[in-house]
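Student: Just so it is clear, I am handing over data_22.cif, which has mmCIF, C-alpha atoms; chains and numbers go by the auth columns.
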```cif
data_final
loop_
_atom_site.group_PDB
_atom_site.id
_atom_site.type_symbol
_atom_site.label_atom_id
_atom_site.label_comp_id
_atom_site.label_asym_id
_atom_site.label_seq_id
_atom_site.Cartn_x
_atom_site.Cartn_y
_atom_site.Cartn_z
_atom_site.B_iso_or_equiv
_atom_site.auth_seq_id
_atom_site.auth_asym_id
ATOM 1 C CA MET A 1 0.000 0.000 0.000 0.00 1403 A
ATOM 2 C CA LYS A 2 1.224 3.512 -0.793 0.00 1404 A
ATOM 3 C CA ILE A 3 0.327 6.738 0.964 0.00 1405 A
ATOM 4 C CA ASN A 4 0.596 10.110 -0.716 0.00 1406 A
ATOM 5 C CA VAL A 5 0.424 12.935 1.837 0.00 1407 A
ATOM 6 C CA GLU A 6 -1.127 16.250 0.859 0.00 1408 A
ATOM 7 C CA THR A 7 -1.363 19.356 3.039 0.00 1409 A
ATOM 8 C CA ALA A 8 -4.457 21.526 3.244 0.00 1410 A
ATOM 9 C CA GLY A 9 -3.667 24.222 5.797 0.00 1411 A
ATOM 10 C CA HIS A 10 -3.215 22.451 9.117 0.00 1412 A
ATOM 11 C CA ILE A 11 -4.889 19.298 7.839 0.00 1413 A
ATOM 12 C CA LYS A 12 -2.985 16.360 6.387 0.00 1414 A
ATOM 13 C CA ILE A 13 -4.726 14.352 3.689 0.00 1415 A
ATOM 14 C CA PHE A 14 -3.526 10.774 3.340 0.00 1416 A
ATOM 15 C CA HIS A 15 -4.325 9.372 -0.104 0.00 1417 A
ATOM 16 C CA LEU A 16 -4.141 5.614 0.418 0.00 1418 A
ATOM 17 C CA THR A 17 -3.607 3.382 -2.605 0.00 1419 A
ATOM 18 C CA GLY A 18 -3.801 -0.395 -2.734 0.00 1420 A
ATOM 19 C CA ARG A 19 -4.691 -2.988 -0.121 0.00 1421 A
ATOM 20 C CA LEU A 20 -5.206 -2.205 3.550 0.00 1422 A
ATOM 21 C CA GLU A 21 -4.608 -5.594 5.171 0.00 1423 A
ATOM 22 C CA ALA A 22 -2.418 -7.194 7.844 0.00 1424 A
ATOM 23 C CA ALA A 23 0.708 -7.037 5.679 0.00 1425 A
ATOM 24 C CA THR A 24 0.369 -3.308 4.988 0.00 1426 A
ATOM 25 C CA THR A 25 -0.969 -1.713 8.163 0.00 1427 A
ATOM 26 C CA ASP A 26 2.549 -0.787 9.285 0.00 1428 A
ATOM 27 C CA VAL A 27 2.768 1.616 6.343 0.00 1429 A
ATOM 28 C CA LEU A 28 -0.192 3.545 7.719 0.00 1430 A
ATOM 29 C CA LYS A 29 1.052 3.332 11.292 0.00 1431 A
ATOM 30 C CA GLU A 30 4.453 4.776 10.358 0.00 1432 A
ATOM 31 C CA ALA A 31 3.040 7.556 8.201 0.00 1433 A
ATOM 32 C CA LEU A 32 0.613 8.577 10.925 0.00 1434 A
ATOM 33 C CA HIS A 33 3.255 8.425 13.641 0.00 1435 A
ATOM 34 C CA LYS A 34 5.499 10.740 11.623 0.00 1436 A
ATOM 35 C CA GLU A 35 2.734 13.332 11.301 0.00 1437 A
ATOM 36 C CA ILE A 36 1.659 13.069 14.943 0.00 1438 A
ATOM 37 C CA LYS A 37 5.286 13.693 15.971 0.00 1439 A
ATOM 38 C CA ALA A 38 5.135 16.830 13.819 0.00 1440 A
ATOM 39 C CA ASP A 39 2.095 17.887 15.863 0.00 1441 A
ATOM 40 C CA THR A 40 -0.560 17.309 13.197 0.00 1442 A
ATOM 41 C CA LYS A 41 -3.950 16.754 14.784 0.00 1443 A
ATOM 42 C CA GLN A 42 -6.407 16.794 11.887 0.00 1444 A
ATOM 43 C CA PHE A 43 -6.380 14.196 9.177 0.00 1445 A
ATOM 44 C CA VAL A 44 -8.408 13.129 6.196 0.00 1446 A
ATOM 45 C CA PHE A 45 -7.892 9.606 4.896 0.00 1447 A
ATOM 46 C CA ASP A 46 -8.939 9.457 1.260 0.00 1448 A
ATOM 47 C CA LEU A 47 -9.761 5.827 0.465 0.00 1449 A
ATOM 48 C CA ALA A 48 -10.776 6.254 -3.189 0.00 1450 A
ATOM 49 C CA GLU A 49 -7.864 4.113 -4.371 0.00 1451 A
ATOM 50 C CA VAL A 50 -8.126 1.466 -1.651 0.00 1452 A
ATOM 51 C CA VAL A 51 -9.041 -1.640 -3.609 0.00 1453 A
ATOM 52 C CA PHE A 52 -9.330 -3.976 -0.624 0.00 1454 A
ATOM 53 C CA ILE A 53 -9.739 -3.735 3.137 0.00 1455 A
ATOM 54 C CA ASP A 54 -10.142 -6.520 5.673 0.00 1456 A
ATOM 55 C CA SER A 55 -10.544 -6.554 9.441 0.00 1457 A
ATOM 56 C CA SER A 56 -6.820 -5.920 9.938 0.00 1458 A
ATOM 57 C CA GLY A 57 -7.138 -2.776 7.859 0.00 1459 A
ATOM 58 C CA LEU A 58 -10.214 -1.721 9.802 0.00 1460 A
ATOM 59 C CA GLY A 59 -8.316 -2.322 13.025 0.00 1461 A
ATOM 60 C CA ALA A 60 -5.516 -0.070 11.832 0.00 1462 A
ATOM 61 C CA LEU A 61 -7.990 2.705 11.059 0.00 1463 A
ATOM 62 C CA VAL A 62 -9.622 2.380 14.483 0.00 1464 A
ATOM 63 C CA ALA A 63 -6.224 2.367 16.196 0.00 1465 A
ATOM 64 C CA SER A 64 -5.239 5.457 14.184 0.00 1466 A
ATOM 65 C CA LEU A 65 -8.391 7.282 15.228 0.00 1467 A
ATOM 66 C CA ARG A 66 -7.941 6.431 18.896 0.00 1468 A
ATOM 67 C CA SER A 67 -4.332 7.555 18.765 0.00 1469 A
ATOM 68 C CA VAL A 68 -5.242 10.912 17.220 0.00 1470 A
ATOM 69 C CA ASN A 69 -8.278 11.397 19.487 0.00 1471 A
ATOM 70 C CA LYS A 70 -5.982 11.115 22.543 0.00 1472 A
ATOM 71 C CA ASP A 71 -4.360 14.403 21.497 0.00 1473 A
ATOM 72 C CA GLY A 72 -7.684 16.046 20.789 0.00 1474 A
ATOM 73 C CA GLY A 73 -7.490 15.476 17.057 0.00 1475 A
ATOM 74 C CA ASP A 74 -9.621 13.639 14.518 0.00 1476 A
ATOM 75 C CA ILE A 75 -9.447 11.535 11.388 0.00 1477 A
ATOM 76 C CA ARG A 76 -12.226 11.813 8.841 0.00 1478 A
ATOM 77 C CA LEU A 77 -12.640 9.411 5.953 0.00 1479 A
ATOM 78 C CA ALA A 78 -13.450 10.177 2.350 0.00 1480 A
ATOM 79 C CA ALA A 79 -14.387 8.524 -0.936 0.00 1481 A
ATOM 80 C CA LEU A 80 -15.084 4.994 0.203 0.00 1482 A
ATOM 81 C CA SER A 81 -15.856 2.611 -2.648 0.00 1483 A
ATOM 82 C CA PRO A 82 -19.160 0.715 -2.380 0.00 1484 A
ATOM 83 C CA GLU A 83 -17.291 -2.468 -1.374 0.00 1485 A
ATOM 84 C CA VAL A 84 -15.365 -0.690 1.388 0.00 1486 A
ATOM 85 C CA GLN A 85 -18.511 1.129 2.532 0.00 1487 A
ATOM 86 C CA THR A 86 -20.232 -2.269 2.864 0.00 1488 A
ATOM 87 C CA ILE A 87 -17.506 -3.525 5.200 0.00 1489 A
ATOM 88 C CA PHE A 88 -17.786 -0.389 7.337 0.00 1490 A
ATOM 89 C CA GLU A 89 -21.537 -0.851 7.624 0.00 1491 A
ATOM 90 C CA LEU A 90 -21.256 -4.565 8.429 0.00 1492 A
ATOM 91 C CA THR A 91 -18.941 -3.753 11.318 0.00 1493 A
ATOM 92 C CA ARG A 92 -20.886 -0.601 12.306 0.00 1494 A
ATOM 93 C CA LEU A 93 -17.677 1.409 11.978 0.00 1495 A
ATOM 94 C CA HIS A 94 -19.538 3.888 9.806 0.00 1496 A
ATOM 95 C CA ARG A 95 -20.914 5.126 13.159 0.00 1497 A
ATOM 96 C CA LEU A 96 -17.432 5.675 14.596 0.00 1498 A
ATOM 97 C CA PHE A 97 -15.938 7.667 11.727 0.00 1499 A
ATOM 98 C CA GLU A 98 -17.254 10.731 9.942 0.00 1500 A
ATOM 99 C CA ILE A 99 -17.321 9.719 6.275 0.00 1501 A
ATOM 100 C CA PHE A 100 -17.550 12.093 3.322 0.00 1502 A
ATOM 101 C CA ASP A 101 -17.958 11.641 -0.420 0.00 1503 A
ATOM 102 C CA SER A 102 -14.734 13.497 -1.167 0.00 1504 A
ATOM 103 C CA SER A 103 -11.605 14.622 0.623 0.00 1505 A
ATOM 104 C CA GLN A 104 -12.540 18.231 -0.192 0.00 1506 A
ATOM 105 C CA LEU A 105 -15.783 17.881 1.737 0.00 1507 A
ATOM 106 C CA ALA A 106 -13.935 16.162 4.569 0.00 1508 A
ATOM 107 C CA VAL A 107 -11.401 19.014 4.764 0.00 1509 A
ATOM 108 C CA GLU A 108 -14.179 21.609 4.748 0.00 1510 A
ATOM 109 C CA SER A 109 -15.877 19.824 7.646 0.00 1511 A
ATOM 110 C CA PHE A 110 -13.041 20.683 10.043 0.00 1512 A
ATOM 111 C CA MET B 1 -15.142 -30.691 -8.467 0.00 1000 B
ATOM 112 C CA ASP B 2 -11.959 -29.071 -9.700 0.00 1001 B
ATOM 113 C CA ARG B 3 -9.449 -28.694 -6.869 0.00 1002 B
ATOM 114 C CA ILE B 4 -6.633 -26.147 -6.641 0.00 1003 B
ATOM 115 C CA VAL B 5 -4.343 -26.234 -3.609 0.00 1004 B
ATOM 116 C CA LEU B 6 -1.859 -23.667 -2.356 0.00 1005 B
ATOM 117 C CA THR B 7 0.692 -24.375 0.328 0.00 1006 B
ATOM 118 C CA LEU B 8 1.794 -21.106 1.888 0.00 1007 B
ATOM 119 C CA PRO B 9 4.443 -20.286 4.484 0.00 1008 B
ATOM 120 C CA ILE B 10 3.331 -18.830 7.811 0.00 1009 B
ATOM 121 C CA ASP B 11 4.063 -15.297 6.681 0.00 1010 B
ATOM 122 C CA ILE B 12 1.507 -12.512 6.531 0.00 1011 B
ATOM 123 C CA ALA B 13 3.005 -11.236 3.268 0.00 1012 B
ATOM 124 C CA TYR B 14 1.577 -14.183 1.332 0.00 1013 B
ATOM 125 C CA VAL B 15 -2.024 -13.935 2.524 0.00 1014 B
ATOM 126 C CA ARG B 16 -2.804 -11.772 -0.495 0.00 1015 B
ATOM 127 C CA VAL B 17 -1.665 -14.572 -2.826 0.00 1016 B
ATOM 128 C CA ALA B 18 -4.592 -16.707 -1.667 0.00 1017 B
ATOM 129 C CA ALA B 19 -6.963 -13.737 -1.543 0.00 1018 B
ATOM 130 C CA LEU B 20 -6.150 -12.554 -5.064 0.00 1019 B
ATOM 131 C CA LEU B 21 -6.281 -16.097 -6.460 0.00 1020 B
ATOM 132 C CA SER B 22 -9.722 -16.520 -4.940 0.00 1021 B
ATOM 133 C CA ARG B 23 -10.867 -13.388 -6.734 0.00 1022 B
ATOM 134 C CA THR B 24 -9.501 -14.672 -10.039 0.00 1023 B
ATOM 135 C CA LEU B 25 -11.217 -18.027 -9.609 0.00 1024 B
ATOM 136 C CA CYS B 26 -14.557 -16.257 -9.186 0.00 1025 B
ATOM 137 C CA GLU B 27 -14.398 -14.653 -12.624 0.00 1026 B
ATOM 138 C CA PRO B 28 -15.778 -17.521 -14.735 0.00 1027 B
ATOM 139 C CA LEU B 29 -18.288 -18.520 -12.077 0.00 1028 B
ATOM 140 C CA VAL B 30 -20.657 -15.549 -11.981 0.00 1029 B
ATOM 141 C CA ALA B 31 -22.112 -12.970 -14.354 0.00 1030 B
ATOM 142 C CA ALA B 32 -20.378 -9.611 -14.642 0.00 1031 B
ATOM 143 C CA GLU B 33 -23.049 -7.746 -12.699 0.00 1032 B
ATOM 144 C CA GLN B 34 -22.731 -10.197 -9.785 0.00 1033 B
ATOM 145 C CA PHE B 35 -18.936 -10.356 -9.736 0.00 1034 B
ATOM 146 C CA SER B 36 -18.181 -7.458 -7.417 0.00 1035 B
ATOM 147 C CA GLU B 37 -20.348 -8.718 -4.557 0.00 1036 B
ATOM 148 C CA PHE B 38 -19.484 -12.396 -5.033 0.00 1037 B
ATOM 149 C CA ALA B 39 -15.735 -12.033 -5.508 0.00 1038 B
ATOM 150 C CA GLY B 40 -15.503 -9.309 -2.876 0.00 1039 B
ATOM 151 C CA SER B 41 -17.124 -11.611 -0.320 0.00 1040 B
ATOM 152 C CA VAL B 42 -14.906 -14.560 -1.205 0.00 1041 B
ATOM 153 C CA GLU B 43 -11.714 -12.494 -1.231 0.00 1042 B
ATOM 154 C CA LEU B 44 -12.546 -10.996 2.167 0.00 1043 B
ATOM 155 C CA ALA B 45 -13.345 -14.386 3.716 0.00 1044 B
ATOM 156 C CA VAL B 46 -10.128 -15.907 2.362 0.00 1045 B
ATOM 157 C CA SER B 47 -8.070 -12.969 3.632 0.00 1046 B
ATOM 158 C CA GLU B 48 -9.627 -13.237 7.087 0.00 1047 B
ATOM 159 C CA ALA B 49 -9.165 -17.022 7.289 0.00 1048 B
ATOM 160 C CA CYS B 50 -5.570 -16.929 6.082 0.00 1049 B
ATOM 161 C CA THR B 51 -4.658 -14.031 8.357 0.00 1050 B
ATOM 162 C CA ASN B 52 -5.983 -16.041 11.303 0.00 1051 B
ATOM 163 C CA ALA B 53 -4.062 -19.120 10.167 0.00 1052 B
ATOM 164 C CA VAL B 54 -0.837 -17.091 10.147 0.00 1053 B
ATOM 165 C CA LYS B 55 -1.588 -15.242 13.376 0.00 1054 B
ATOM 166 C CA PHE B 56 -2.453 -18.306 15.404 0.00 1055 B
ATOM 167 C CA THR B 57 0.026 -20.789 13.939 0.00 1056 B
ATOM 168 C CA GLY B 58 3.147 -18.654 14.019 0.00 1057 B
ATOM 169 C CA ASN B 59 4.364 -19.795 17.421 0.00 1058 B
ATOM 170 C CA ALA B 60 2.861 -23.281 17.345 0.00 1059 B
ATOM 171 C CA LYS B 61 5.055 -26.358 17.188 0.00 1060 B
ATOM 172 C CA GLY B 62 3.640 -27.858 13.973 0.00 1061 B
ATOM 173 C CA PRO B 63 4.699 -27.296 10.338 0.00 1062 B
ATOM 174 C CA GLN B 64 5.183 -23.626 9.508 0.00 1063 B
ATOM 175 C CA VAL B 65 2.907 -23.797 6.496 0.00 1064 B
ATOM 176 C CA TYR B 66 -0.815 -23.795 5.888 0.00 1065 B
ATOM 177 C CA GLU B 67 -2.903 -24.994 2.955 0.00 1066 B
ATOM 178 C CA VAL B 68 -5.658 -23.253 1.046 0.00 1067 B
ATOM 179 C CA ALA B 69 -7.731 -25.536 -1.150 0.00 1068 B
ATOM 180 C CA PHE B 70 -10.218 -24.157 -3.661 0.00 1069 B
ATOM 181 C CA LEU B 71 -12.925 -26.593 -4.776 0.00 1070 B
ATOM 182 C CA ILE B 72 -14.986 -25.430 -7.717 0.00 1071 B
ATOM 183 C CA GLY B 73 -18.352 -27.112 -8.079 0.00 1072 B
ATOM 184 C CA SER B 74 -21.242 -26.563 -10.458 0.00 1073 B
ATOM 185 C CA ASP B 75 -23.219 -24.595 -7.893 0.00 1074 B
ATOM 186 C CA ARG B 76 -20.600 -23.514 -5.375 0.00 1075 B
ATOM 187 C CA LEU B 77 -17.084 -22.416 -4.566 0.00 1076 B
ATOM 188 C CA CYS B 78 -15.654 -24.038 -1.468 0.00 1077 B
ATOM 189 C CA ILE B 79 -12.442 -22.891 0.219 0.00 1078 B
ATOM 190 C CA GLU B 80 -10.717 -24.936 2.890 0.00 1079 B
ATOM 191 C CA VAL B 81 -7.981 -23.317 4.989 0.00 1080 B
ATOM 192 C CA THR B 82 -5.999 -25.898 6.950 0.00 1081 B
ATOM 193 C CA ASP B 83 -3.439 -24.873 9.549 0.00 1082 B
ATOM 194 C CA HIS B 84 -1.385 -26.760 12.113 0.00 1083 B
ATOM 195 C CA GLY B 85 -1.892 -24.455 15.059 0.00 1084 B
ATOM 196 C CA PRO B 86 -3.744 -25.033 18.313 0.00 1085 B
ATOM 197 C CA GLY B 87 -7.204 -24.591 16.758 0.00 1086 B
ATOM 198 C CA PHE B 88 -10.256 -22.867 18.196 0.00 1087 B
ATOM 199 C CA ASP B 89 -13.965 -23.397 18.874 0.00 1088 B
ATOM 200 C CA LEU B 90 -15.889 -21.737 16.054 0.00 1089 B
ATOM 201 C CA ASN B 91 -19.101 -21.777 18.084 0.00 1090 B
ATOM 202 C CA ALA B 92 -17.450 -20.007 21.009 0.00 1091 B
ATOM 203 C CA VAL B 93 -16.271 -16.960 19.060 0.00 1092 B
ATOM 204 C CA PRO B 94 -18.280 -14.019 20.405 0.00 1093 B
ATOM 205 C CA LEU B 95 -19.839 -11.367 18.206 0.00 1094 B
ATOM 206 C CA PRO B 96 -17.910 -8.111 18.326 0.00 1095 B
ATOM 207 C CA ASP B 97 -19.409 -5.537 20.671 0.00 1096 B
ATOM 208 C CA PHE B 98 -20.378 -3.086 17.938 0.00 1097 B
ATOM 209 C CA ASP B 99 -21.240 -0.327 20.384 0.00 1098 B
ATOM 210 C CA LEU B 100 -17.665 -0.290 21.677 0.00 1099 B
ATOM 211 C CA HIS B 101 -16.174 -0.269 18.143 0.00 1100 B
ATOM 212 C CA PRO B 102 -13.301 -2.585 19.089 0.00 1101 B
ATOM 213 C CA GLN B 103 -10.085 -2.591 17.153 0.00 1102 B
ATOM 214 C CA GLY B 104 -10.313 -6.308 16.391 0.00 1103 B
ATOM 215 C CA GLY B 105 -12.451 -9.410 16.603 0.00 1104 B
ATOM 216 C CA TYR B 106 -14.346 -8.891 13.341 0.00 1105 B
ATOM 217 C CA GLY B 107 -12.698 -11.646 11.270 0.00 1106 B
ATOM 218 C CA ILE B 108 -14.903 -14.656 12.016 0.00 1107 B
ATOM 219 C CA TYR B 109 -18.021 -12.468 12.031 0.00 1108 B
ATOM 220 C CA LEU B 110 -17.188 -11.223 8.514 0.00 1109 B
ATOM 221 C CA ILE B 111 -16.563 -14.777 7.264 0.00 1110 B
ATOM 222 C CA LEU B 112 -19.898 -15.954 8.676 0.00 1111 B
ATOM 223 C CA ASP B 113 -21.702 -12.996 7.166 0.00 1112 B
ATOM 224 C CA ARG B 114 -20.190 -13.176 3.697 0.00 1113 B
ATOM 225 C CA MET B 115 -20.174 -16.915 3.075 0.00 1114 B
ATOM 226 C CA SER B 116 -23.152 -19.246 2.620 0.00 1115 B
ATOM 227 C CA GLU B 117 -21.843 -22.054 4.851 0.00 1116 B
ATOM 228 C CA VAL B 118 -18.957 -22.180 7.328 0.00 1117 B
ATOM 229 C CA SER B 119 -17.694 -25.142 9.335 0.00 1118 B
ATOM 230 C CA TYR B 120 -14.574 -26.037 11.295 0.00 1119 B
ATOM 231 C CA ASP B 121 -12.954 -29.405 11.796 0.00 1120 B
ATOM 232 C CA ARG B 122 -10.052 -30.208 14.112 0.00 1121 B
ATOM 233 C CA LYS B 123 -8.112 -33.348 13.300 0.00 1122 B
ATOM 234 C CA ALA B 124 -4.675 -34.683 14.151 0.00 1123 B
ATOM 235 C CA HIS B 125 -3.294 -33.602 10.775 0.00 1124 B
ATOM 236 C CA GLY B 126 -4.613 -30.045 11.047 0.00 1125 B
ATOM 237 C CA ASN B 127 -7.517 -27.703 11.606 0.00 1126 B
ATOM 238 C CA THR B 128 -9.692 -26.918 8.594 0.00 1127 B
ATOM 239 C CA LEU B 129 -11.979 -23.949 8.218 0.00 1128 B
ATOM 240 C CA GLN B 130 -14.329 -24.747 5.355 0.00 1129 B
ATOM 241 C CA MET B 131 -16.146 -21.828 3.729 0.00 1130 B
ATOM 242 C CA THR B 132 -18.670 -22.250 0.935 0.00 1131 B
ATOM 243 C CA LYS B 133 -20.209 -19.584 -1.278 0.00 1132 B
ATOM 244 C CA LEU B 134 -23.170 -20.767 -3.290 0.00 1133 B
ATOM 245 C CA LEU B 135 -23.257 -19.442 -6.815 0.00 1134 B
ATOM 246 C CA PRO B 136 -26.121 -17.090 -7.615 0.00 1135 B
ATOM 247 C CA LYS B 137 -28.964 -18.865 -9.372 0.00 1136 B
ATOM 248 C CA LYS B 138 -28.847 -18.335 -13.124 0.00 1137 B
ATOM 249 C CA GLU B 139 -31.816 -16.505 -14.641 0.00 1138 B
ATOM 250 C CA PRO B 140 -33.634 -18.786 -17.139 0.00 1139 B
ATOM 251 C CA ASP B 141 -33.315 -17.726 -20.766 0.00 1140 B
ATOM 252 C CA SER B 142 -36.521 -16.047 -21.920 0.00 1141 B
#
```
Translate this file's structure into structure tokens.
Tutor:
Amino acid sequence: MKINVETAGHIKIFHLTGRLEAATTDVLKEALHKEIKADTKQFVFDLAEVVFIDSSGLGALVASLRSVNKDGGDIRLAALSPEVQTIFELTRLHRLFEIFDSSQLAVESF
Amino acid sequence: MDRIVLTLPIDIAYVRVAALLSRTLCEPLVAAEQFSEFAGSVELAVSEACTNAVKFTGNAKGPQVYEVAFLIGSDRLCIEVTDHGPGFDLNAVPLPDFDLHPQGGYGIYLILDRMSEVSYDRKAHGNTLQMTKLLPKKEPDS
């Protein structure tokens, strides 16, 4: 999985590409850790190019949110494909995250 | 039934090999408009089952491999994941507490939701999680 990081003011947008699964969650963890160390508190994760997510990937997203919440920050999600949206709804995680149709809308929500 | 068997090392990096193969095997089985849901369900279930096989076999004493067998029938796709770890009681796996939004514990729930039939068998030679997805019924030609 690749992550392209974009800056929108004080918000970091992570554009995730590929598979979010057990073998790739460390990529997300390291990218997030780097930004948290740099004092970023507000994030948008754009999942438009995430082709697959399983429960390990979901776990990484939940862990990321909890980590950022501890410092008073937030992670908002954007552009979930129908397949990914289905997994969020099955696990009720669509109630934990704020989810937007686009990263622009997610950024504007902060 | 046609049978395709993978033997994979206990290494999380190779879980996607089984998951992606499962997706490919779905292609000739269902119509284009049904593919996304069918293959997505199968790929997810295979990823969950294989991830568990790796996670729970890694420190066990048995062989450091697990097998994924794909059995293609006329009305179903059956996947058997056999590991050599300690095994578990499928009926004792609790539902995740959705109100608490836990970080983990969704794997078996997702397999049970996405697949038509799921069973688990513990034998001396290994533990096998068998997952079956029934093919959608074909519409009769008008």
Student: Identify all chain A residues at most 12 Å from chain B by counting all atoms listed in the file; ligands do not count. Present them as number ranges by chain.
Tutor: A: 1420-1427, 1453-1469, 1483-1486, 1488-1499
Student: Evaluated on this file, the PyMOL selection byres ((chain B and resi 1004) around 10) picks out some residues - which ones are they, written as number ranges by chain?
Tutor: B: 1002-1003, 1005-1007, 1017, 1066-1070, 1078-1080
Student: Between atom CA of B:Ala1091 and atom CA of B:Tyr1065, what distance in Å does the model show, to one decimal?
Tutor: 22.8 Å
Student: Quick one: which residues end up in the PyMOL selection byres ((chain B and resi 1071) around 6) for this structure, as a VMD selection string?
Tutor: chain B and resid 1000 to 1001 1070 1072 1076
Student: Using only C-alpha atoms - which residues lie no farther than 9 Å from the point (-19.1, -20.2, 11.3) in the file's frame? Write them as an MDAnalysis selection string.
Tutor: chainID B and resid 1089:1090 1092 1107:1108 1110:1112 1114 1116:1119 1128:1130
